$ cat protein.cif   # mmCIF, C-alpha atoms
data_query
loop_
_atom_site.group_PDB
_atom_site.id
_atom_site.type_symbol
_atom_site.label_atom_id
_atom_site.label_comp_id
_atom_site.auth_asym_id
_atom_site.auth_seq_id
_atom_site.Cartn_x
_atom_site.Cartn_y
_atom_site.Cartn_z
ATOM 1 C CA MET A 284 0.000 0.000 0.000
ATOM 2 C CA VAL A 285 1.321 3.444 -0.933
ATOM 3 C CA GLY A 286 2.271 5.557 2.065
ATOM 4 C CA ALA A 287 2.360 2.639 4.509
ATOM 5 C CA VAL A 288 5.080 2.835 7.148
ATOM 6 C CA VAL A 289 7.220 -0.292 7.224
ATOM 7 C CA PRO A 290 9.089 -0.953 10.515
ATOM 8 C CA MET A 291 12.868 -0.562 10.243
ATOM 9 C CA ALA A 292 13.333 -4.060 11.669
ATOM 10 C CA GLU A 293 11.506 -5.505 8.654
ATOM 11 C CA ILE A 294 13.609 -3.520 6.172
ATOM 12 C CA GLU A 295 17.032 -4.390 7.579
ATOM 13 C CA PRO A 296 16.811 -7.475 9.781
ATOM 14 C CA GLY A 297 19.952 -8.576 11.592
ATOM 15 C CA CYS A 298 21.874 -5.342 10.993
ATOM 16 C CA HIS A 299 24.032 -6.006 14.079
ATOM 17 C CA LEU A 300 26.010 -9.091 14.985
ATOM 18 C CA GLY A 301 24.007 -11.588 17.018
ATOM 19 C CA ASN A 302 20.968 -9.299 16.950
ATOM 20 C CA ASP A 303 17.571 -10.756 16.116
ATOM 21 C CA PHE A 304 15.689 -7.520 16.731
ATOM 22 C CA GLY A 305 16.579 -5.733 13.494
ATOM 23 C CA CYS A 306 17.765 -2.133 13.715
ATOM 24 C CA GLY A 307 15.354 -1.044 16.419
ATOM 25 C CA PHE A 308 17.134 -0.955 19.783
ATOM 26 C CA PRO A 309 15.344 -3.382 22.152
ATOM 27 C CA ALA A 310 15.348 -1.000 25.106
ATOM 28 C CA PRO A 311 14.818 -2.901 28.367
ATOM 29 C CA ASP A 312 11.756 -1.903 30.386
ATOM 30 C CA ALA A 313 10.039 -2.981 33.596
ATOM 31 C CA SER A 314 9.311 -6.380 32.061
ATOM 32 C CA ILE A 315 12.864 -7.487 32.966
ATOM 33 C CA PHE A 316 11.651 -7.694 36.565
ATOM 34 C CA ASP A 317 8.873 -10.145 35.644
ATOM 35 C CA ILE A 318 10.486 -13.506 36.277
ATOM 36 C CA GLU A 319 8.732 -16.814 35.742
ATOM 37 C CA PRO A 320 8.592 -18.866 38.960
ATOM 38 C CA TYR A 321 10.552 -22.095 39.179
ATOM 39 C CA PHE A 322 7.454 -23.726 40.637
ATOM 40 C CA GLY A 323 4.407 -22.372 42.436
ATOM 41 C CA ASN A 324 5.382 -18.989 43.879
ATOM 42 C CA PHE A 325 9.059 -19.892 44.245
ATOM 43 C CA THR A 326 10.820 -17.331 42.059
ATOM 44 C CA LYS A 327 14.425 -16.346 41.489
ATOM 45 C CA PRO A 328 14.258 -13.403 43.959
ATOM 46 C CA VAL A 329 12.917 -15.742 46.669
ATOM 47 C CA PHE A 330 15.703 -18.230 45.929
ATOM 48 C CA LEU A 331 18.350 -15.489 46.095
ATOM 49 C CA LEU A 332 16.848 -14.171 49.325
ATOM 50 C CA LEU A 333 17.033 -17.609 50.958
ATOM 51 C CA LEU A 334 20.494 -18.299 49.567
ATOM 52 C CA GLY A 335 21.764 -14.921 50.792
ATOM 53 C CA SER A 336 20.360 -15.553 54.269
ATOM 54 C CA LEU A 337 21.991 -18.988 54.348
ATOM 55 C CA LEU A 338 25.365 -17.588 53.266
ATOM 56 C CA ILE A 339 25.222 -14.901 55.968
ATOM 57 C CA ILE A 340 24.411 -17.487 58.647
ATOM 58 C CA ILE A 341 27.130 -19.890 57.489
ATOM 59 C CA PHE A 342 29.776 -17.162 57.250
ATOM 60 C CA PHE A 343 29.250 -15.695 60.712
ATOM 61 C CA LEU A 344 28.766 -19.080 62.388
ATOM 62 C CA THR A 345 32.063 -20.162 60.856
ATOM 63 C CA ALA A 346 33.791 -16.892 61.772
ATOM 64 C CA PHE A 347 32.731 -16.989 65.435
ATOM 65 C CA ARG A 348 32.467 -20.737 66.013
ATOM 66 C CA ARG A 349 35.775 -20.844 67.855
ATOM 67 C CA PRO A 350 36.787 -17.237 68.604
ATOM 68 C CA GLN A 351 40.486 -16.751 69.259
ATOM 69 C CA LEU A 352 42.404 -14.008 71.045
ATOM 70 C CA ILE A 353 44.430 -13.703 67.848
ATOM 71 C CA PRO A 354 41.611 -13.805 65.316
ATOM 72 C CA SER A 355 41.674 -15.738 62.068
ATOM 73 C CA LYS A 356 40.955 -13.971 58.777
ATOM 74 C CA LEU A 357 37.265 -14.896 58.885
ATOM 75 C CA GLN A 358 36.970 -13.837 62.509
ATOM 76 C CA SER A 359 38.696 -10.526 61.733
ATOM 77 C CA ILE A 360 36.256 -9.812 58.904
ATOM 78 C CA GLY A 361 33.304 -10.746 61.114
ATOM 79 C CA GLU A 362 34.556 -8.527 63.936
ATOM 80 C CA MET A 363 35.069 -5.629 61.542
ATOM 81 C CA GLY A 364 31.454 -5.962 60.398
ATOM 82 C CA TYR A 365 30.182 -6.144 63.973
ATOM 83 C CA LEU A 366 32.229 -3.179 65.173
ATOM 84 C CA PHE A 367 31.171 -1.154 62.148
ATOM 85 C CA ILE A 368 27.518 -1.576 63.116
ATOM 86 C CA ARG A 369 28.059 -1.209 66.855
ATOM 87 C CA ASP A 370 30.382 1.811 66.868
ATOM 88 C CA GLY A 371 29.425 3.478 63.596
ATOM 89 C CA ILE A 372 25.645 3.196 63.825
ATOM 90 C CA SER A 373 24.253 1.828 67.095
ATOM 91 C CA ARG A 374 26.303 3.733 69.683
ATOM 92 C CA GLU A 375 26.616 6.781 67.448
ATOM 93 C CA VAL A 376 22.855 7.151 66.926
ATOM 94 C CA ILE A 377 21.133 5.443 69.865
ATOM 95 C CA GLY A 378 23.786 6.007 72.526
ATOM 96 C CA LYS A 379 24.440 3.875 75.586
ATOM 97 C CA ASP A 380 21.191 1.960 75.089
ATOM 98 C CA GLY A 381 22.217 0.957 71.591
ATOM 99 C CA ASP A 382 24.275 -2.147 72.367
ATOM 100 C CA ARG A 383 21.206 -4.317 72.913
ATOM 101 C CA PHE A 384 19.983 -3.429 69.424
ATOM 102 C CA VAL A 385 23.262 -4.280 67.666
ATOM 103 C CA PRO A 386 22.119 -7.829 66.705
ATOM 104 C CA LEU A 387 19.001 -6.391 65.053
ATOM 105 C CA LEU A 388 20.891 -3.662 63.186
ATOM 106 C CA PHE A 389 23.659 -6.096 62.273
ATOM 107 C CA THR A 390 21.130 -8.521 60.779
ATOM 108 C CA ILE A 391 19.283 -5.803 58.870
ATOM 109 C CA PHE A 392 22.460 -4.374 57.343
ATOM 110 C CA PHE A 393 23.843 -7.642 56.013
ATOM 111 C CA PHE A 394 20.425 -8.909 54.944
ATOM 112 C CA VAL A 395 19.778 -5.776 52.886
ATOM 113 C CA TRP A 396 23.347 -5.556 51.561
ATOM 114 C CA ILE A 397 23.536 -9.165 50.350
ATOM 115 C CA GLY A 398 20.059 -8.834 48.841
ATOM 116 C CA ASN A 399 21.279 -5.800 46.903
ATOM 117 C CA LEU A 400 24.628 -7.352 46.012
ATOM 118 C CA TRP A 401 23.027 -10.129 43.967
ATOM 119 C CA GLY A 402 22.430 -7.492 41.281
ATOM 120 C CA ILE A 403 26.095 -7.540 40.207
ATOM 121 C CA ILE A 404 26.952 -11.180 40.924
ATOM 122 C CA PRO A 405 27.406 -13.115 37.650
ATOM 123 C CA GLY A 406 24.801 -15.813 37.268
ATOM 124 C CA ALA A 407 22.398 -14.080 39.648
ATOM 125 C CA GLN A 408 22.340 -10.500 38.354
ATOM 126 C CA PHE A 409 19.123 -9.550 40.081
ATOM 127 C CA PRO A 410 18.913 -7.315 43.163
ATOM 128 C CA VAL A 411 16.350 -8.872 45.482
ATOM 129 C CA ASN A 412 15.222 -5.491 46.789
ATOM 130 C CA SER A 413 14.218 -4.345 43.309
ATOM 131 C CA ARG A 414 11.037 -6.308 43.953
ATOM 132 C CA PHE A 415 8.890 -3.920 45.981
ATOM 133 C CA ALA A 416 7.488 -6.588 48.303
ATOM 134 C CA PHE A 417 10.845 -7.187 49.984
ATOM 135 C CA PRO A 418 11.618 -3.562 50.986
ATOM 136 C CA VAL A 419 7.986 -3.187 52.099
ATOM 137 C CA GLY A 420 8.300 -6.257 54.315
ATOM 138 C CA LEU A 421 11.507 -4.932 55.880
ATOM 139 C CA ALA A 422 9.981 -1.482 56.397
ATOM 140 C CA ILE A 423 6.934 -3.006 58.117
ATOM 141 C CA VAL A 424 9.208 -4.912 60.509
ATOM 142 C CA VAL A 425 11.110 -1.707 61.351
ATOM 143 C CA TRP A 426 7.838 0.232 61.746
ATOM 144 C CA CYS A 427 6.411 -2.380 64.140
ATOM 145 C CA ILE A 428 9.586 -2.278 66.249
ATOM 146 C CA TYR A 429 9.498 1.528 66.262
ATOM 147 C CA MET A 430 5.858 1.672 67.366
ATOM 148 C CA PHE A 431 6.225 -1.089 69.970
ATOM 149 C CA LEU A 432 9.332 0.399 71.588
ATOM 150 C CA GLY A 433 7.866 3.907 71.533
ATOM 151 C CA MET A 434 4.659 2.930 73.300
ATOM 152 C CA ARG A 435 6.513 0.679 75.724
ATOM 153 C CA HIS A 436 9.145 3.217 76.800
ATOM 154 C CA GLN A 437 7.148 6.448 76.597
ATOM 155 C CA GLY A 438 3.642 5.137 77.155
ATOM 156 C CA PRO A 439 0.946 4.830 74.469
ATOM 157 C CA VAL A 440 -0.408 8.353 74.964
ATOM 158 C CA LYS A 441 2.884 10.124 75.686
ATOM 159 C CA PHE A 442 4.513 8.541 72.645
ATOM 160 C CA PHE A 443 2.025 10.180 70.283
ATOM 161 C CA THR A 444 1.803 13.489 72.139
ATOM 162 C CA ASN A 445 5.606 13.835 72.185
ATOM 163 C CA MET A 446 5.542 13.116 68.497
ATOM 164 C CA MET A 447 2.761 15.548 67.616
ATOM 165 C CA PHE A 448 3.483 18.442 69.983
ATOM 166 C CA PRO A 449 7.190 19.342 70.011
ATOM 167 C CA PRO A 450 7.968 21.838 72.791
ATOM 168 C CA GLY A 451 8.899 25.442 72.181
ATOM 169 C CA MET A 452 6.446 26.058 69.341
ATOM 170 C CA PRO A 453 3.626 28.664 69.321
ATOM 171 C CA LYS A 454 0.408 26.941 70.351
ATOM 172 C CA ALA A 455 -1.446 28.117 67.255
ATOM 173 C CA ILE A 456 0.985 26.275 65.000
ATOM 174 C CA TYR A 457 0.052 22.921 66.557
ATOM 175 C CA VAL A 458 -3.199 22.961 64.605
ATOM 176 C CA ILE A 459 -1.148 22.460 61.442
ATOM 177 C CA LEU A 460 1.969 20.838 62.891
ATOM 178 C CA ALA A 461 0.335 18.057 64.954
ATOM 179 C CA PRO A 462 -1.367 16.204 62.072
ATOM 180 C CA ILE A 463 1.702 16.684 59.862
ATOM 181 C CA GLU A 464 3.981 15.183 62.525
ATOM 182 C CA LEU A 465 1.569 12.294 63.095
ATOM 183 C CA ILE A 466 1.305 11.458 59.396
ATOM 184 C CA SER A 467 5.031 11.938 58.874
ATOM 185 C CA ASN A 468 6.099 9.658 61.730
ATOM 186 C CA VAL A 469 3.412 6.995 61.534
ATOM 187 C CA LEU A 470 2.652 6.725 57.815
ATOM 188 C CA VAL A 471 5.343 8.455 55.758
ATOM 189 C CA ARG A 472 8.336 6.864 57.477
ATOM 190 C CA PRO A 473 7.683 3.245 56.457
ATOM 191 C CA VAL A 474 6.660 4.360 52.968
ATOM 192 C CA THR A 475 9.820 6.399 52.314
ATOM 193 C CA LEU A 476 11.994 3.722 53.927
ATOM 194 C CA SER A 477 10.747 1.075 51.504
ATOM 195 C CA ILE A 478 10.556 3.282 48.397
ATOM 196 C CA ARG A 479 14.098 4.622 48.843
ATOM 197 C CA LEU A 480 15.592 1.137 48.853
ATOM 198 C CA PHE A 481 13.340 -0.216 46.105
ATOM 199 C CA ALA A 482 13.775 2.750 43.734
ATOM 200 C CA ASN A 483 17.574 2.726 43.924
ATOM 201 C CA MET A 484 17.818 -1.004 43.247
ATOM 202 C CA PHE A 485 15.183 -0.857 40.498
ATOM 203 C CA ALA A 486 16.853 2.047 38.692
ATOM 204 C CA GLY A 487 20.344 0.608 39.061
ATOM 205 C CA HIS A 488 19.378 -2.773 37.647
ATOM 206 C CA LEU A 489 17.522 -1.175 34.750
ATOM 207 C CA LEU A 490 20.487 1.063 33.930
ATOM 208 C CA LEU A 491 22.958 -1.824 33.960
ATOM 209 C CA THR A 492 20.652 -3.861 31.739
ATOM 210 C CA VAL A 493 20.418 -1.024 29.204
ATOM 211 C CA PHE A 494 24.196 -0.776 28.775
ATOM 212 C CA THR A 495 24.651 -4.555 28.809
ATOM 213 C CA VAL A 496 22.085 -4.999 26.038
ATOM 214 C CA ALA A 497 23.606 -2.081 24.113
ATOM 215 C CA THR A 498 27.045 -3.744 24.254
ATOM 216 C CA PHE A 499 25.755 -6.742 22.291
ATOM 217 C CA TYR A 500 23.316 -4.762 20.151
ATOM 218 C CA LEU A 501 25.872 -2.288 18.834
ATOM 219 C CA ALA A 502 28.503 -4.903 17.992
ATOM 220 C CA SER A 503 28.990 -4.944 14.214
ATOM 221 C CA PRO A 504 31.906 -5.187 11.743
ATOM 222 C CA SER A 505 32.289 -1.425 11.459
ATOM 223 C CA VAL A 506 34.195 1.332 13.218
ATOM 224 C CA ILE A 507 31.016 2.843 14.637
ATOM 225 C CA GLY A 508 29.772 -0.553 15.778
ATOM 226 C CA ILE A 509 33.040 -1.433 17.482
ATOM 227 C CA LEU A 510 33.354 1.966 19.168
ATOM 228 C CA GLY A 511 29.711 1.940 20.256
ATOM 229 C CA SER A 512 29.931 -1.578 21.659
ATOM 230 C CA ALA A 513 33.236 -0.865 23.431
ATOM 231 C CA THR A 514 31.844 2.343 24.942
ATOM 232 C CA SER A 515 28.729 0.555 26.186
ATOM 233 C CA PHE A 516 30.890 -2.188 27.698
ATOM 234 C CA LEU A 517 33.061 0.408 29.446
ATOM 235 C CA MET A 518 29.944 2.115 30.823
ATOM 236 C CA THR A 519 28.685 -1.263 32.028
ATOM 237 C CA VAL A 520 31.908 -1.782 34.000
ATOM 238 C CA ILE A 521 31.806 1.746 35.427
ATOM 239 C CA PHE A 522 28.157 1.526 36.417
ATOM 240 C CA THR A 523 28.717 -1.923 37.930
ATOM 241 C CA ALA A 524 31.340 -0.443 40.257
ATOM 242 C CA PHE A 525 29.070 2.507 40.975
ATOM 243 C CA GLU A 526 26.145 0.178 41.642
ATOM 244 C CA ALA A 527 28.252 -1.810 44.112
ATOM 245 C CA LEU A 528 28.814 1.408 46.041
ATOM 246 C CA ILE A 529 25.114 2.292 45.937
ATOM 247 C CA GLN A 530 24.148 -1.178 47.130
ATOM 248 C CA ALA A 531 26.327 -0.880 50.229
ATOM 249 C CA LEU A 532 25.243 2.724 50.776
ATOM 250 C CA GLN A 533 21.540 1.837 50.648
ATOM 251 C CA ALA A 534 22.068 -0.949 53.182
ATOM 252 C CA TYR A 535 23.866 1.542 55.421
ATOM 253 C CA ILE A 536 21.127 4.169 55.039
ATOM 254 C CA PHE A 537 18.372 1.651 55.759
ATOM 255 C CA THR A 538 20.187 0.476 58.904
ATOM 256 C CA LEU A 539 21.023 4.023 59.974
ATOM 257 C CA LEU A 540 17.390 5.139 59.655
ATOM 258 C CA THR A 541 16.300 2.083 61.617
ATOM 259 C CA ALA A 542 18.653 3.173 64.404
ATOM 260 C CA VAL A 543 17.267 6.728 64.212
ATOM 261 C CA TYR A 544 13.713 5.420 64.559
ATOM 262 C CA ILE A 545 14.686 3.224 67.527
ATOM 263 C CA ALA A 546 16.403 6.174 69.207
ATOM 264 C CA GLY A 547 13.252 8.250 68.691
ATOM 265 C CA SER A 548 11.080 5.518 70.185
ATOM 266 C CA LEU A 549 13.245 5.187 73.299
ATOM 267 C CA HIS A 550 13.283 8.912 73.987
ATOM 268 C CA ALA A 551 11.145 11.809 72.814
ATOM 269 C CA GLU A 552 12.654 13.127 69.587
ATOM 270 C CA HIS A 553 11.988 16.799 70.310
#

$ encode --input "protein.cif" --output "structure tokens"
Amino acid sequence: MVGAVVPMAEIEPGCHLGNDFGCGFPAPDASIFDIEPYFGNFTKPVFLLLLGSLLIIIFFLTAFRRPQLIPSKLQSIGEMGYLFIRDGISREVIGKDGDRFVPLLFTIFFFVWIGNLWGIIPGAQFPVNSRFAFPVGLAIVVWCIYMFLGMRHQGPVKFFTNMMFPPGMPKAIYVILAPIELISNVLVRPVTLSIRLFANMFAGHLLLTVFTVATFYLASPSVIGILGSATSFLMTVIFTAFEALIQALQAYIFTLLTAVYIAGSLHAEH
């Protein structure tokens, strides 16, 4: 038919080496996060979550099974991780009461970090926390701990009044400030905690996939093809290193905010 628009892929199929998509770049989208289950509801993210948990347990049980005055390499690494959480987060944020929460913060940090780290591990290459359900589940656990400790240590009524009515403010402002503080502390906190972790892992995985696909897509027996493929590969390496940093940083931020919430539940924040 005259005037009909024929897709470029139909005009020049296979214009790049190993490419079955024609000349149209197959840009990855959110569908890369839709993974077929192995069986039932047992999917790859669930498998990686369980495997990561098992590896954490095995590593630290091995590291501290027979602690020595002169630590082995595994024990030294385990102690460094423990001291990092205890001195850098728990005692720094919560204070003298923080030592009893070190096991919780320690578990959260390594659980989140290993879940993120799967995104750059060859063969896995999927960050567990890019599936929204996992950050939401973690945020709900933190929120429940925050609410329970707050009502236990400050009293059910005092916990909410301390939250809603910070001292030193003009009384008229409480009409606006009180509901904002209530919504912010009770509802917004778990939402932002989960979205922050999810969004960073989602965006990072999508970005890495784009450059990885482009590396193979652009490969062709031409100067432009070689340069384009090599550049995409270089960007993949750079963004992989950057993503490794972000993965550790997000685990640290999640753990740090958990410590901040616990500190606020033990004592009035204002």

$ closest_atom_pairs --input "protein.cif" --of "region 312-428 of chain A" --to "region 521-539 of chain A" --cutoff "7 Å" --atoms "all atoms listed in the file" --output "tab-separated table"
residue	atom	partner	partner_atom	distance
A:Ile372	CA	A:Leu539	CA	6.1
A:Leu388	CA	A:Thr538	CA	6.0
A:Ile391	CA	A:Thr538	CA	6.3
A:Phe392	CA	A:Ala534	CA	5.4
A:Val395	CA	A:Ala534	CA	5.4
A:Trp396	CA	A:Ala534	CA	5.0
A:Asn399	CA	A:Gln530	CA	5.4
A:Leu400	CA	A:Gln530	CA	6.3
A:Ile403	CA	A:Thr523	CA	6.6

$ residues_around --input "protein.cif" --residues "Phe494 (chain A)" --least-positions-apart "6" --cutoff "7 Å" --atoms "all atoms listed in the file" --output "list of chain:residue names"
A:Ser515, A:Phe516, A:Met518, A:Thr519

$ resolve_selection --input "protein.cif" --expression "the PyMOL selection byres ((chain A and resi 461) around 10)" --output "number ranges by chain"
A: 443-449, 456-460, 462-467

$ atom_distance --input "protein.cif" --atom1 "CA of Asn483 (chain A)" --atom2 "CA of Asp312 (chain A)"
15.4 Å

$ atom_distance --input "protein.cif" --atom1 "CA of Phe330 (chain A)" --atom2 "CA of Ala497 (chain A)"
28.3 Å

$ closest_residue --input "protein.cif" --among "A:Gly547, A:Arg472, A:Val329, A:Ser336" --to "Phe442 (chain A)" --atoms "all atoms listed in the file"
A:Gly547

$ resolve_selection --input "protein.cif" --expression "the PyMOL selection byres ((chain A and resi 361-367) around 10)" --output "PyMOL selection string"
chain A and resi 342-347+354-360+368-373+385-386+388-390+392-393

$ atom_distance --input "protein.cif" --atom1 "CA of Glu375 (chain A)" --atom2 "CA of Tyr429 (chain A)"
17.9 Å
